[in-house]
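Dumped data.tsv below, it's TSV, C-alpha atoms:
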```tsv
chain	number	residue	atom	x	y	z
A	1	SER	CA	-0.95	14.19	-2.70
A	2	ASP	CA	-1.94	12.78	0.70
A	3	SER	CA	-0.15	9.50	0.02
A	4	ASP	CA	3.02	11.42	-0.96
A	5	LYS	CA	2.81	13.31	2.36
A	6	ARG	CA	2.24	10.08	4.26
A	7	LEU	CA	5.21	8.45	2.48
A	8	ARG	CA	7.40	11.48	3.22
A	9	GLU	CA	6.60	11.03	6.92
A	10	ILE	CA	7.49	7.31	6.78
A	11	LEU	CA	10.71	8.19	4.91
A	12	SER	CA	11.77	10.63	7.63
A	13	ASN	CA	11.55	7.83	10.23
A	14	VAL	CA	13.08	4.91	8.33
A	15	HIS	CA	15.85	3.12	10.18
A	16	PHE	CA	17.10	-0.48	10.46
A	17	ASN	CA	14.53	-2.87	11.96
A	18	PRO	CA	15.79	-6.35	12.95
A	19	ASP	CA	12.30	-7.83	12.41
A	20	VAL	CA	12.32	-6.60	8.81
A	21	SER	CA	15.78	-8.11	8.37
A	22	SER	CA	14.51	-11.43	9.75
A	23	ILE	CA	11.62	-11.50	7.23
A	24	LEU	CA	14.02	-10.70	4.36
A	25	SER	CA	16.05	-13.79	5.28
A	26	ALA	CA	13.09	-15.95	4.17
A	27	LEU	CA	13.53	-14.93	0.50
A	28	SER	CA	14.82	-18.02	-1.34
A	29	THR	CA	17.09	-17.78	-4.39
A	30	ALA	CA	16.78	-21.54	-5.03
A	31	GLN	CA	12.99	-21.34	-5.25
A	32	MET	CA	13.27	-18.31	-7.55
A	33	GLY	CA	15.48	-20.42	-9.85
A	34	PHE	CA	12.79	-23.10	-10.06
A	35	ASP	CA	9.99	-20.55	-10.59
A	36	ILE	CA	11.72	-18.79	-13.46
A	37	ARG	CA	12.50	-22.04	-15.27
A	38	TRP	CA	8.83	-23.03	-15.01
A	39	LEU	CA	7.64	-19.68	-16.39
A	40	THR	CA	10.10	-19.70	-19.31
A	41	GLY	CA	9.47	-23.32	-20.23
A	42	GLU	CA	13.11	-24.23	-19.49
A	43	LEU	CA	11.85	-26.93	-17.08
A	44	LYS	CA	10.95	-30.15	-18.88
A	45	ASP	CA	7.53	-30.45	-17.22
A	46	SER	CA	6.49	-26.85	-17.91
A	47	PRO	CA	3.83	-26.51	-20.62
A	48	ILE	CA	4.92	-22.98	-21.54
A	49	VAL	CA	6.26	-22.00	-24.96
A	50	SER	CA	5.08	-18.39	-24.79
A	51	ARG	CA	3.34	-16.08	-22.31
A	52	HIS	CA	2.17	-13.69	-25.01
A	53	SER	CA	-1.08	-12.08	-23.79
A	54	PHE	CA	-3.22	-14.07	-26.29
A	55	SER	CA	-1.48	-17.44	-25.84
A	56	ASP	CA	-2.45	-20.68	-24.10
A	57	GLY	CA	0.83	-20.33	-22.19
A	58	ALA	CA	-0.35	-17.06	-20.65
A	59	ILE	CA	-3.54	-18.76	-19.41
A	60	ALA	CA	-1.46	-21.66	-18.01
A	61	ALA	CA	0.84	-19.14	-16.28
A	62	ALA	CA	-2.11	-17.20	-14.82
A	63	LYS	CA	-3.61	-20.37	-13.32
A	64	TRP	CA	-0.23	-21.51	-11.98
A	65	LEU	CA	0.48	-18.11	-10.42
A	66	LYS	CA	-2.95	-17.93	-8.80
A	67	GLY	CA	-2.36	-21.39	-7.31
A	68	ARG	CA	1.08	-20.47	-5.99
A	69	PHE	CA	0.01	-17.18	-4.39
A	70	GLN	CA	-2.94	-18.95	-2.76
A	71	GLU	CA	-0.59	-21.64	-1.45
A	72	TYR	CA	1.24	-18.75	0.25
A	73	GLY	CA	-1.87	-17.51	2.04
A	74	ALA	CA	-3.18	-14.85	-0.35
A	75	THR	CA	-6.73	-14.68	-1.72
A	76	CYS	CA	-6.64	-14.37	-5.51
A	77	THR	CA	-9.05	-13.45	-8.27
A	78	PHE	CA	-8.75	-13.20	-12.05
A	79	MET	CA	-9.65	-9.81	-13.49
A	80	GLU	CA	-10.70	-10.03	-17.13
A	81	PHE	CA	-10.15	-6.69	-18.85
A	82	LEU	CA	-10.30	-7.21	-22.64
A	83	GLU	CA	-11.62	-10.04	-24.75
A	84	GLY	CA	-8.88	-12.39	-25.95
A	85	PHE	CA	-6.36	-11.30	-23.30
A	86	SER	CA	-5.28	-13.48	-20.41
A	87	PRO	CA	-6.48	-11.98	-17.09
A	88	ASN	CA	-4.78	-9.93	-14.42
A	89	VAL	CA	-4.02	-12.09	-11.35
A	90	ILE	CA	-4.91	-10.03	-8.27
A	91	CYS	CA	-3.86	-11.50	-4.91
A	92	ARG	CA	-4.53	-9.96	-1.53
A	93	TYR	CA	-3.42	-10.27	2.06
A	94	ALA	CA	-6.37	-8.60	3.78
A	95	ALA	CA	-5.84	-6.28	6.75
A	96	GLU	CA	-5.84	-8.07	10.13
A	97	PRO	CA	-7.76	-7.27	12.22
A	98	SER	CA	-10.13	-6.19	9.46
A	99	PHE	CA	-10.20	-2.48	8.84
A	100	ASN	CA	-13.06	-0.13	9.78
A	101	LYS	CA	-15.51	-1.06	7.04
A	102	THR	CA	-16.97	2.43	6.56
A	103	LEU	CA	-13.83	3.48	4.68
A	104	PRO	CA	-11.84	1.50	2.12
A	105	ALA	CA	-8.71	0.12	3.81
A	106	PRO	CA	-5.51	1.76	2.62
A	107	ARG	CA	-3.40	-0.59	0.54
A	108	VAL	CA	0.08	-1.17	-0.85
A	109	ILE	CA	0.33	-2.84	-4.26
A	110	LEU	CA	3.39	-4.73	-5.54
A	111	SER	CA	3.20	-5.80	-9.17
A	112	ALA	CA	4.93	-7.26	-12.22
A	113	HIS	CA	3.66	-8.36	-15.64
A	114	TYR	CA	3.57	-12.01	-16.60
A	115	ASP	CA	2.92	-11.59	-20.34
A	116	SER	CA	5.95	-11.76	-22.64
A	117	ARG	CA	7.23	-10.93	-26.12
A	118	GLY	CA	9.43	-13.03	-28.40
A	119	THR	CA	11.35	-12.47	-31.59
A	120	PHE	CA	9.03	-11.23	-34.35
A	121	GLY	CA	7.69	-14.21	-36.27
A	122	SER	CA	8.70	-16.74	-33.59
A	123	THR	CA	6.21	-18.57	-31.36
A	124	ARG	CA	8.75	-18.85	-28.51
A	125	ALA	CA	8.45	-16.03	-25.95
A	126	PRO	CA	10.08	-17.18	-22.69
A	127	GLY	CA	10.23	-13.72	-21.05
A	128	GLY	CA	12.88	-14.74	-18.52
A	129	ASP	CA	13.97	-11.20	-17.73
A	130	ASP	CA	10.99	-9.31	-19.22
A	131	ASP	CA	9.22	-9.88	-16.98
A	132	GLY	CA	9.62	-13.35	-15.50
A	133	SER	CA	12.19	-11.81	-13.16
A	134	GLY	CA	9.63	-9.38	-11.71
A	135	VAL	CA	7.07	-12.17	-11.33
A	136	ILE	CA	9.43	-14.53	-9.45
A	137	HIS	CA	10.34	-11.63	-7.17
A	138	LEU	CA	6.61	-11.30	-6.31
A	139	LEU	CA	6.34	-15.04	-5.66
A	140	ALA	CA	9.41	-14.91	-3.39
A	141	ILE	CA	7.89	-12.01	-1.42
A	142	SER	CA	4.60	-13.90	-1.09
A	143	ARG	CA	6.42	-17.00	0.16
A	144	ALA	CA	8.41	-14.96	2.72
A	145	ILE	CA	5.17	-13.40	4.04
A	146	TYR	CA	3.73	-16.91	4.40
A	147	ARG	CA	6.84	-18.52	5.94
A	148	LYS	CA	7.23	-15.75	8.53
A	149	LYS	CA	3.44	-15.64	9.24
A	150	VAL	CA	3.40	-11.89	8.53
A	151	THR	CA	0.11	-10.02	8.83
A	152	PHE	CA	-0.57	-6.41	7.90
A	153	PRO	CA	-2.79	-3.70	9.42
A	154	ILE	CA	-3.78	-2.59	5.88
A	155	ASP	CA	-4.56	-4.47	2.66
A	156	VAL	CA	-1.54	-5.68	0.69
A	157	GLU	CA	-1.89	-6.78	-2.92
A	158	LEU	CA	0.51	-8.70	-5.15
A	159	VAL	CA	-0.62	-8.36	-8.76
A	160	ALA	CA	0.58	-10.06	-11.95
A	161	PHE	CA	-0.62	-8.02	-14.91
A	162	ALA	CA	-1.27	-9.14	-18.49
A	163	GLY	CA	-1.43	-6.93	-21.58
A	164	GLU	CA	1.64	-4.91	-20.56
A	165	GLU	CA	3.41	-5.55	-23.84
A	166	GLN	CA	0.39	-4.27	-25.79
A	167	GLY	CA	0.46	-0.92	-23.95
A	168	LEU	CA	-0.06	-1.39	-20.17
A	169	LEU	CA	-3.63	-2.56	-20.84
A	170	GLY	CA	-4.17	-4.82	-17.81
A	171	SER	CA	-2.73	-2.35	-15.32
A	172	TYR	CA	-4.58	0.59	-16.87
A	173	ALA	CA	-7.91	-1.24	-16.44
A	174	TYR	CA	-7.11	-1.98	-12.78
A	175	ALA	CA	-5.77	1.49	-11.93
A	176	LYS	CA	-8.85	3.07	-13.54
A	177	GLN	CA	-11.14	0.79	-11.51
A	178	LEU	CA	-9.32	1.69	-8.27
A	179	TYR	CA	-9.47	5.39	-9.11
A	180	GLU	CA	-13.23	5.17	-9.73
A	181	GLU	CA	-13.69	3.32	-6.42
A	182	GLY	CA	-11.78	6.05	-4.56
A	183	ALA	CA	-9.17	3.52	-3.40
A	184	ASP	CA	-6.53	4.70	-0.95
A	185	ILE	CA	-3.21	3.50	-2.39
A	186	MET	CA	-0.30	4.28	-0.07
A	187	LEU	CA	2.27	2.99	-2.56
A	188	GLN	CA	2.47	0.96	-5.76
A	189	ILE	CA	5.76	-0.62	-6.90
A	190	GLN	CA	6.16	-2.28	-10.30
A	191	ALA	CA	9.03	-4.74	-10.85
A	192	ASP	CA	9.93	-5.02	-14.53
A	193	MET	CA	13.24	-6.57	-15.71
A	194	LEU	CA	15.39	-7.26	-12.63
A	195	ALA	CA	17.92	-9.88	-13.72
A	196	TYR	CA	20.29	-8.57	-16.38
A	197	HIS	CA	23.45	-6.51	-16.05
A	198	ASP	CA	26.75	-6.43	-17.90
A	199	SER	CA	29.45	-8.82	-16.66
A	200	ASP	CA	31.71	-5.95	-15.56
A	201	GLU	CA	28.89	-4.14	-13.72
A	202	PRO	CA	27.99	-4.59	-10.03
A	203	MET	CA	24.52	-5.66	-8.92
A	204	GLN	CA	22.26	-2.67	-9.42
A	205	LEU	CA	18.86	-1.16	-8.74
A	206	GLY	CA	17.50	1.36	-11.24
A	207	LEU	CA	14.76	3.78	-10.11
A	208	PRO	CA	12.77	5.90	-12.60
A	209	GLN	CA	14.31	9.14	-13.77
A	210	SER	CA	10.99	10.68	-14.78
A	211	ILE	CA	7.85	8.52	-14.68
A	212	GLY	CA	6.90	7.88	-11.06
A	213	SER	CA	6.70	9.52	-7.66
A	214	PRO	CA	10.02	11.06	-6.52
A	215	VAL	CA	9.27	10.42	-2.83
A	216	ALA	CA	8.63	6.72	-3.58
A	217	GLY	CA	11.98	6.49	-5.39
A	218	GLU	CA	13.71	8.22	-2.48
A	219	LEU	CA	12.16	5.77	-0.01
A	220	LEU	CA	13.34	2.74	-2.03
A	221	ALA	CA	16.85	4.19	-2.35
A	222	ASN	CA	17.05	4.70	1.43
A	223	ILE	CA	15.67	1.22	2.17
A	224	SER	CA	18.23	-0.25	-0.25
A	225	ALA	CA	21.09	1.56	1.53
A	226	ILE	CA	19.91	0.23	4.92
A	227	TYR	CA	19.13	-3.41	4.08
A	228	VAL	CA	20.84	-4.19	0.76
A	229	PRO	CA	24.07	-2.14	0.61
A	230	GLU	CA	25.46	-4.54	-2.01
A	231	LEU	CA	23.16	-2.93	-4.62
A	232	THR	CA	24.45	0.10	-6.52
A	233	VAL	CA	21.44	2.42	-6.81
A	234	GLY	CA	20.94	4.86	-9.66
A	235	THR	CA	18.30	6.21	-12.03
A	236	THR	CA	17.09	4.66	-15.26
A	237	THR	CA	15.53	6.09	-18.38
A	238	ALA	CA	13.84	2.71	-19.04
A	239	CYS	CA	10.22	3.67	-18.84
A	240	CYS	CA	6.65	2.92	-19.34
A	241	SER	CA	5.91	-0.17	-17.29
A	242	ASP	CA	2.71	-0.78	-15.31
A	243	HIS	CA	3.46	1.78	-12.56
A	244	GLN	CA	2.72	4.41	-15.21
A	245	SER	CA	-0.98	3.39	-15.20
A	246	PHE	CA	-1.16	4.14	-11.46
A	247	TRP	CA	0.89	7.31	-11.65
A	248	ALA	CA	-1.37	8.60	-14.47
A	249	HIS	CA	-4.36	8.17	-12.11
A	250	GLY	CA	-2.68	10.24	-9.39
A	251	PHE	CA	-1.47	7.34	-7.22
A	252	THR	CA	1.99	7.27	-5.57
A	253	ALA	CA	3.87	4.78	-7.76
A	254	THR	CA	7.37	3.80	-8.81
A	255	GLN	CA	9.34	1.02	-10.53
A	256	VAL	CA	12.32	-1.19	-9.73
A	257	PHE	CA	14.59	-2.06	-12.68
A	258	GLU	CA	17.80	-4.03	-13.26
A	259	ARG	CA	20.30	-1.24	-13.78
A	260	ALA	CA	21.14	2.43	-13.57
A	261	GLY	CA	20.90	3.55	-17.19
A	262	GLY	CA	18.92	2.10	-20.10
A	263	ILE	CA	18.04	-1.39	-21.33
A	264	ILE	CA	21.14	-3.29	-22.53
A	265	ASP	CA	19.83	-6.88	-22.44
A	266	PRO	CA	20.62	-8.26	-25.93
A	267	ASN	CA	17.65	-10.65	-25.57
A	268	TYR	CA	15.09	-7.94	-24.78
A	269	HIS	CA	11.79	-8.84	-26.54
A	270	ASN	CA	13.62	-11.81	-28.00
A	271	SER	CA	13.05	-15.57	-28.00
A	272	GLY	CA	16.43	-15.98	-26.30
A	273	ASP	CA	15.19	-14.29	-23.09
A	274	LEU	CA	15.92	-17.36	-20.93
A	275	SER	CA	17.24	-17.61	-17.37
A	276	ASN	CA	20.09	-19.99	-18.20
A	277	ARG	CA	22.41	-17.50	-19.93
A	278	THR	CA	25.36	-15.23	-19.28
A	279	ASN	CA	24.62	-12.14	-17.14
A	280	TYR	CA	21.18	-13.34	-16.01
A	281	ASP	CA	21.75	-12.77	-12.29
A	282	ILE	CA	19.26	-14.39	-9.91
A	283	GLU	CA	21.24	-12.94	-6.97
A	284	GLN	CA	20.37	-9.46	-8.22
A	285	VAL	CA	16.66	-10.41	-8.46
A	286	HIS	CA	16.94	-11.66	-4.86
A	287	ALA	CA	18.61	-8.40	-3.74
A	288	ILE	CA	15.94	-6.22	-5.40
A	289	ALA	CA	13.21	-8.41	-3.83
A	290	LYS	CA	14.70	-7.47	-0.44
A	291	VAL	CA	14.29	-3.78	-1.26
A	292	THR	CA	10.69	-4.20	-2.42
A	293	LEU	CA	9.71	-6.37	0.55
A	294	ALA	CA	11.43	-4.10	3.11
A	295	SER	CA	9.67	-1.08	1.54
A	296	LEU	CA	6.33	-2.87	1.83
A	297	LEU	CA	6.99	-3.72	5.50
A	298	HIS	CA	8.02	-0.17	6.42
A	299	VAL	CA	5.09	1.44	4.59
A	300	ALA	CA	2.32	-1.00	5.53
A	301	GLY	CA	3.44	-1.91	9.05
A	302	PHE	CA	3.34	-5.60	10.05
A	303	THR	CA	3.15	-8.24	12.75
A	304	ILE	CA	5.16	-11.50	12.73
A	305	GLY	CA	3.08	-14.50	13.78
A	306	ALA	CA	3.99	-16.87	16.59
```

Whole structure, C-alpha cells version:
Amino acid sequence: SDSDKRLREILSNVHFNPDVSSILSALSTAQMGFDIRWLTGELKDSPIVSRHSFSDGAIAAAKWLKGRFQEYGATCTFMEFLEGFSPNVICRYAAEPSFNKTLPAPRVILSAHYDSRGTFGSTRAPGGDDDGSGVIHLLAISRAIYRKKVTFPIDVELVAFAGEEQGLLGSYAYAKQLYEEGADIMLQIQADMLAYHDSDEPMQLGLPQSIGSPVAGELLANISAIYVPELTVGTTTACCSDHQSFWAHGFTATQVFERAGGIIDPNYHNSGDLSNRTNYDIEQVHAIAKVTLASLLHVAGFTIGA
C-alpha cells in the first residue's frame, strides 16, 4: 500500500534525534501511577468498580478521559457506535498550519481500549493491565505533547476504544467509517496490555507475529533500539486487539504488547487485574510509551513550541 511505501521510506532514514529524546523525557511514571489507580478504582476517590462496556464505570471513565485529553490540548468527541455501549473517545491534535483542505489530511492514530473484563460472575473489572496500561500510556503521550508544546504537520489522533472485549466493536465501527471516508492513515498503533512480565524476565516489547503490517513492526523495533535499548524486543502470538480492525480495512497498523511470547498474566480477564501487584511494571509501560511516542514523532514530523 502507499502508506506501507511511505513508512518504508521513513524507516530507511530513521536515526537518533535529540529533539525526539527531549520530548520523551516529558513522559511521567508518577502521573501514570495515579492514572492507573483512578481507572482501576484503587484510588479511594475513584467511582470505578468496572469498565465493562455496558457499565456506569465505563461511562465515568469515558468522561474522565475526554476531560484529561482536552486538558492536554486535544479536541475530543464521543463516537457512539452501538446502543448500550459506552462510546469511543476520539481526541485529535489537528495539523498546524491547517492542511490543504481539498484533501483529507494524512493522520497517525494511537489507540488503546478502556473497556475491561472481570472474573465471570463478578461485578469487579478493574482492567489494570488489560487495558488500563495502554490507556495510561496514551494519557502520558498526550501530556508530553502538551508539556513540550509539540505541534504536527498532519492530524494526530489518540483514541480510547470501547467494545473491544465484545469483539473489537468500537474500533471496527471507526475503522469502517475512516475507510468509507477515504481517510489517509499513515500509521495506526494499538497498545493493549503493556505492564505485566514474569519476575525473572527483562522489560520487553512484543510486536505482532502475524496480524499487522510488517513494516510498521520493523519501524517500532528500530525506534526501540535507538531510544529505548533497555527493552528486549520480540514477537508475540497475542492477537486480535483493535489494530486488527484497521488492518482488515487495508490500513497500515500494528500493536505494542507487554512481552515476546503469549499472555502469561494470571489476572488476565480477572477481577484481580489491579496495578498494585507483583510483576505489574509501570516502568515497562513508561518504556513502551517512549517507543510509541518516538514512532509518532518520526512518522508525523513535529515542531517544538517556544

Excluding same-chain residues fewer than 5 positions from region 278-294 of chain A, what lies within 8 Å of it counting only C-alpha atoms, as an MDAnalysis selection string?
chainID A and resid 20:21 24 27:29 32:33 110 129 133:134 137:138 140:141 189 194:199 203:205 220 223:224 227:228 231 256 258

Could you pull out every residue with an atom within 10 Å of (7.5, 6.7, -8.6), file coordinates, counting all atoms listed in the file, and send them as a PyMOL selection string?
chain A and resi 187-190+207-220+243-244+246-247+251-256

Enumerate, in order of chain and increasing residue number, the residues of region 43-72 of chain A with an atom no farther than 9 Å from region 90-98 of chain A, each with its shortest atom pair and distance in Å to one decimal, counting only C-alpha atoms, as JSON lines.
```
{"residue": "A:Lys66", "atom": "CA", "partner": "A:Cys91", "partner_atom": "CA", "distance": 7.6}
{"residue": "A:Phe69", "atom": "CA", "partner": "A:Cys91", "partner_atom": "CA", "distance": 6.9}
{"residue": "A:Gln70", "atom": "CA", "partner": "A:Cys91", "partner_atom": "CA", "distance": 7.8}
```

Kindly save the residues from that selection, with C-alpha atoms included, as a short mmCIF file (atom, residue, chain, number, x, y, z; two decimals), in the coordinates of the input.
```cif
data_model
loop_
_atom_site.label_atom_id
_atom_site.label_comp_id
_atom_site.auth_asym_id
_atom_site.auth_seq_id
_atom_site.Cartn_x
_atom_site.Cartn_y
_atom_site.Cartn_z
CA LYS A 66 -2.95 -17.93 -8.80
CA PHE A 69 0.01 -17.18 -4.39
CA GLN A 70 -2.94 -18.95 -2.76
#
```

Using all atoms listed in the file for the distances, tell me which of A:Phe81, A:Glu42, A:Tyr72, A:Ala105 is nearest to Glu181 (chain A).
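Residue with the minimum atom-to-atom distance to Glu181 (chain A): A:Ala105.
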
Name the closest residue to Glu201 (chain A) among the candidates A:Gly67, A:Pro126, A:Gly261, A:Pro18; distances are taken between atoms, counting only C-alpha atoms.
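Closest to Glu201 (chain A), using only C-alpha atoms: A:Gly261.
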
Report as a list in words all protein, DNA and RNA residues lying within 12 Å of Glu9 (chain A), evaluated on only C-alpha atoms, omitting residues in the same chain fewer than 4 positions from it.
Asp2, Ser3, Asp4, Lys5, Asn13, Val14, Met186, Val215, Ala216, Leu219, His298 and Val299 of chain A

Can you spit out the residues from that selection as a PDB file, keeping the file's coordinate frame, using C-alpha atoms?
```
ATOM      1  CA  ASP A   2      -1.940  12.780   0.700  1.00  0.00           C
ATOM      2  CA  SER A   3      -0.150   9.500   0.020  1.00  0.00           C
ATOM      3  CA  ASP A   4       3.020  11.420  -0.960  1.00  0.00           C
ATOM      4  CA  LYS A   5       2.810  13.310   2.360  1.00  0.00           C
ATOM      5  CA  ASN A  13      11.550   7.830  10.230  1.00  0.00           C
ATOM      6  CA  VAL A  14      13.080   4.910   8.330  1.00  0.00           C
ATOM      7  CA  MET A 186      -0.300   4.280  -0.070  1.00  0.00           C
ATOM      8  CA  VAL A 215       9.270  10.420  -2.830  1.00  0.00           C
ATOM      9  CA  ALA A 216       8.630   6.720  -3.580  1.00  0.00           C
ATOM     10  CA  LEU A 219      12.160   5.770  -0.010  1.00  0.00           C
ATOM     11  CA  HIS A 298       8.020  -0.170   6.420  1.00  0.00           C
ATOM     12  CA  VAL A 299       5.090   1.440   4.590  1.00  0.00           C
TER      13      VAL A 299
END
```

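Taking CA of Ala160 (chain A) and CA of Arg143 (chain A) as the two end points, the separation is 15.1 Å.
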
Counting all atoms listed in the file, figure out which residue out of A:Thr75, A:Ser275, A:Ser111, A:Ser295 gets nearest to Leu39 (chain A).
A:Ser275

Could you please give me, as number ranges by chain, the residues of protein, DNA or RNA lying at most 7 Å from (-2.9, -2.0, -11.8) in the coordinate frame of the file, considering all atoms listed in the file?
A: 170-175, 242, 245-246

Report, in Å to a single decimal, how far apart CA of Phe152 (chain A) and CA of Gly301 (chain A) are.
6.1 Å
